[in-house]
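Student: Provided herewith is a single structure, encoded as structure tokens, for subsequent inquiry.
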Amino acid sequence: MSELFDMPSDLQNSYLGLVGLHLREALLPVLAGLLLSLPIAQLCVRLRWLYPPILWVTTVLYAIPSLAFFVILIDYTGLSELTVMIPLAVYSLVVLVPAIVDGVRSVPQETLAAATAMGFGPVRRYLQVQLPIAAPAIIAGLRVASVSSISLVSVGMLIGNQGALGNLLNSGMIYNQPRLIWLSVVGTAVLAILVDAALIAVRILLTPWMPRGTSRPLLAKEAAR
Amino acid sequence: MNILNYIDAFFSDTAHWEGYDGIPTRLAEHLGYTLMALGIAAAIGLPIGLLTGHTGRGGNTLALIATAGRALPSFGLMVLMFILLGLGMAPVMIPLVVLAIPPILVTTYEAMRSVDPAPVDAARGMGMAEAGVLFRVELPVALPLILSGLRSAAIQIVSTATIAAYVSFGGLGRYIVDGLYQRDYEKVVGGATLVAAMALATLGLFWAVGRLTVSRGVRRASVG
């Protein structure tokens, strides 16, 4: 059993090390995307005319293939993790901005009026009323963004072994070891499913008022991305 | 602007325009993979999505399939299929189809579910057959969302087909992968530009198809 997870020495990492690297390369961009998209989405909610052009720009950025994105960045950031993480952050922005805008906009007018009547200022109203009500939509977006991010990290292998678990694919081909390729594919899929499940758990924790089990697992808008 | 110089150098070199490694050949190959994968994925995803959406059954199963499909790394899957099946079209097609089915399936289902039930009931009340309800009432209303699912599937295929070059296939990825190995940065950037342009063209194509096929009344109702 222990041999199964033995790694070729040129990877300079244990299997768990690669898993950790993979999570870092995939999830840090999503976190950065979330931190960026919160203010962007808030701007879009405030200034309605801003939303269509921003949606347009992000959709066009999303149409740039990850491999093309990676290689164009090589010139600026070199063969580093950053080269992989920047495109992933941009992609997560594309999913998260509409998710947050739709979520925040879906808060009923009466609810907002009630909060205002209770003396909530704009900041407090945003943090304590709008964001929690938008939480399910935001987390649905986060799920899509993190799962596709985890899958895309592997492509980083093509640019100087920056693909974490994806690096196993190359080693598997060079040393003719299908075991390594299985470890890469199954490992990535399991990682994606675990992160997805963790986000569902976070949603349940954050929104105790929502009925269990009846929530829509996927919103069509997120699925279309 | 470094990159612009590379792009210019790549496209102005006449050697890049002819032969089996010329831009027309590689573009045609890439287009071929994309159309084939999208065709197969649509042939599987659309009917199932329409039927499940029409009957409203199996939504949870579809969501499960979508998550599973998304979780499978396409690049890894391609290498795995290559190892298992050897050289051939299947190792390239299987990951692309697996990648494209979930967005088509889920958006089609959701699009059909989100159709306003009142006109559907009205159509039934007027004595329209079930097939008529499906194709003449529900489908036209659901079309914009269905197209958006097909669009994102198409774009994902265009961008993922680049990695087919890693398992000795052609297409635009050839320039990127070969260029990386040969340290020919001009080729890499040229290939990347072509793929991005093709993805943008796909975006434009779907926009045009939407303008042509979505009825005006529906378009007005679903602004934004």
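How things are named: the first chain in the structure tokens is A, the next is B, and so on; residues count from 1 in each chain; ligands count from 1 in the order shown.
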For chain A against chain B, which residues fall within 9 Å using only C-alpha atoms, given as a count of residues only?
Tutor: 53
Student: Excluding Asp10 in chain A and its own-chain neighbours fewer than 4 positions away, which residues fall within 12 Å of it when counting only C-alpha atoms? Please give them as a PyMOL selection string.
Tutor: chain A and resi 6+14+161+167-168+170-172+174-175
Student: Take the residues just selected and output them with N, CA and C atoms as a PDB file, in the first residue's frame.
Tutor:
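Wrote again_23.pdb, looks like this:
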```pdb
ATOM      1  N   ASP A   6       4.323   6.109  -3.530  1.00  0.00           N
ATOM      2  CA  ASP A   6       5.721   6.506  -3.739  1.00  0.00           C
ATOM      3  C   ASP A   6       5.822   7.431  -4.946  1.00  0.00           C
ATOM      4  N   SER A  14       6.232  14.626  -1.661  1.00  0.00           N
ATOM      5  CA  SER A  14       5.472  13.424  -1.356  1.00  0.00           C
ATOM      6  C   SER A  14       4.083  13.595  -1.948  1.00  0.00           C
ATOM      7  N   ASN A 161       6.128  22.166 -15.044  1.00  0.00           N
ATOM      8  CA  ASN A 161       5.772  21.414 -13.843  1.00  0.00           C
ATOM      9  C   ASN A 161       5.159  22.255 -12.736  1.00  0.00           C
ATOM     10  N   ASN A 167       1.421  17.245 -12.273  1.00  0.00           N
ATOM     11  CA  ASN A 167       2.798  16.881 -12.613  1.00  0.00           C
ATOM     12  C   ASN A 167       2.974  15.371 -12.683  1.00  0.00           C
ATOM     13  N   LEU A 168       2.125  14.657 -11.942  1.00  0.00           N
ATOM     14  CA  LEU A 168       2.202  13.198 -11.953  1.00  0.00           C
ATOM     15  C   LEU A 168       1.914  12.646 -13.342  1.00  0.00           C
ATOM     16  N   ASN A 170       2.843  13.817 -16.247  1.00  0.00           N
ATOM     17  CA  ASN A 170       4.069  13.808 -17.036  1.00  0.00           C
ATOM     18  C   ASN A 170       4.997  12.695 -16.569  1.00  0.00           C
ATOM     19  N   SER A 171       5.188  12.590 -15.257  1.00  0.00           N
ATOM     20  CA  SER A 171       6.048  11.538 -14.740  1.00  0.00           C
ATOM     21  C   SER A 171       5.513  10.172 -15.134  1.00  0.00           C
ATOM     22  N   GLY A 172       4.185  10.024 -15.077  1.00  0.00           N
ATOM     23  CA  GLY A 172       3.582   8.746 -15.449  1.00  0.00           C
ATOM     24  C   GLY A 172       3.892   8.392 -16.891  1.00  0.00           C
ATOM     25  N   ILE A 174       6.538   9.625 -18.722  1.00  0.00           N
ATOM     26  CA  ILE A 174       7.978   9.432 -18.897  1.00  0.00           C
ATOM     27  C   ILE A 174       8.425   8.060 -18.391  1.00  0.00           C
ATOM     28  N   TYR A 175       7.983   7.712 -17.177  1.00  0.00           N
ATOM     29  CA  TYR A 175       8.432   6.447 -16.588  1.00  0.00           C
ATOM     30  C   TYR A 175       7.519   5.294 -16.935  1.00  0.00           C
TER      31      TYR A 175
END
```
Student: Going by DSSP on the backbone, which bits of range 16-188 of chain B are alpha helix (DSSP H)? Write them as a PyMOL selection string, please.
Tutor: chain B and resi 23-55+59-71+74-85+90-113+117-125+130-132+139-160+173-182+185-188
Student: Identify which of the residues B:His54, B:Arg124, B:Arg211, B:His30 lies closest to Val92 in chain B, counting only C-alpha atoms when measuring atom-to-atom distances.
Tutor: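 Closest to Val92 in chain B of all the choices is B:His30.
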Student: Ranking B:Asp116, B:Met89, B:Ser215, B:Ala123 by minimum distance to Leu143 in chain B and counting only C-alpha atoms, which one comes first?
Tutor: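 Looking only at the distances to Leu143 in chain B, the closest residue turns out to be B:Ser215.
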Student: For Pro95 in chain B, which of B:Leu134, B:Leu38, B:Ala122, B:Ala208 is the closest residue, counting only C-alpha atoms?
Tutor: B:Leu38
Student: Quick one: everything within 8 Å of Ala28 in chain B, counting only C-alpha atoms, minus sequence neighbours fewer than 4 positions away in the same chain. Send it as number ranges by chain.
Tutor: B: 24, 32, 171
Student: Would you save the residues from that selection as a CSV table (one decimal), in the first residue's frame, using N, CA, C and O atoms?
Tutor:
```csv
chain,number,residue,atom,x,y,z
B,24,PRO,N,-3.8,27.2,-41.4
B,24,PRO,CA,-5.1,26.7,-41.9
B,24,PRO,C,-5.3,25.3,-41.5
B,24,PRO,O,-6.4,24.9,-41.0
B,32,GLY,N,-12.4,20.9,-36.2
B,32,GLY,CA,-13.0,19.5,-36.3
B,32,GLY,C,-13.2,18.9,-34.9
B,32,GLY,O,-14.3,18.3,-34.7
B,171,GLY,N,-4.2,20.2,-34.0
B,171,GLY,CA,-5.0,21.3,-33.4
B,171,GLY,C,-4.1,22.5,-33.0
B,171,GLY,O,-2.8,22.4,-33.1
```
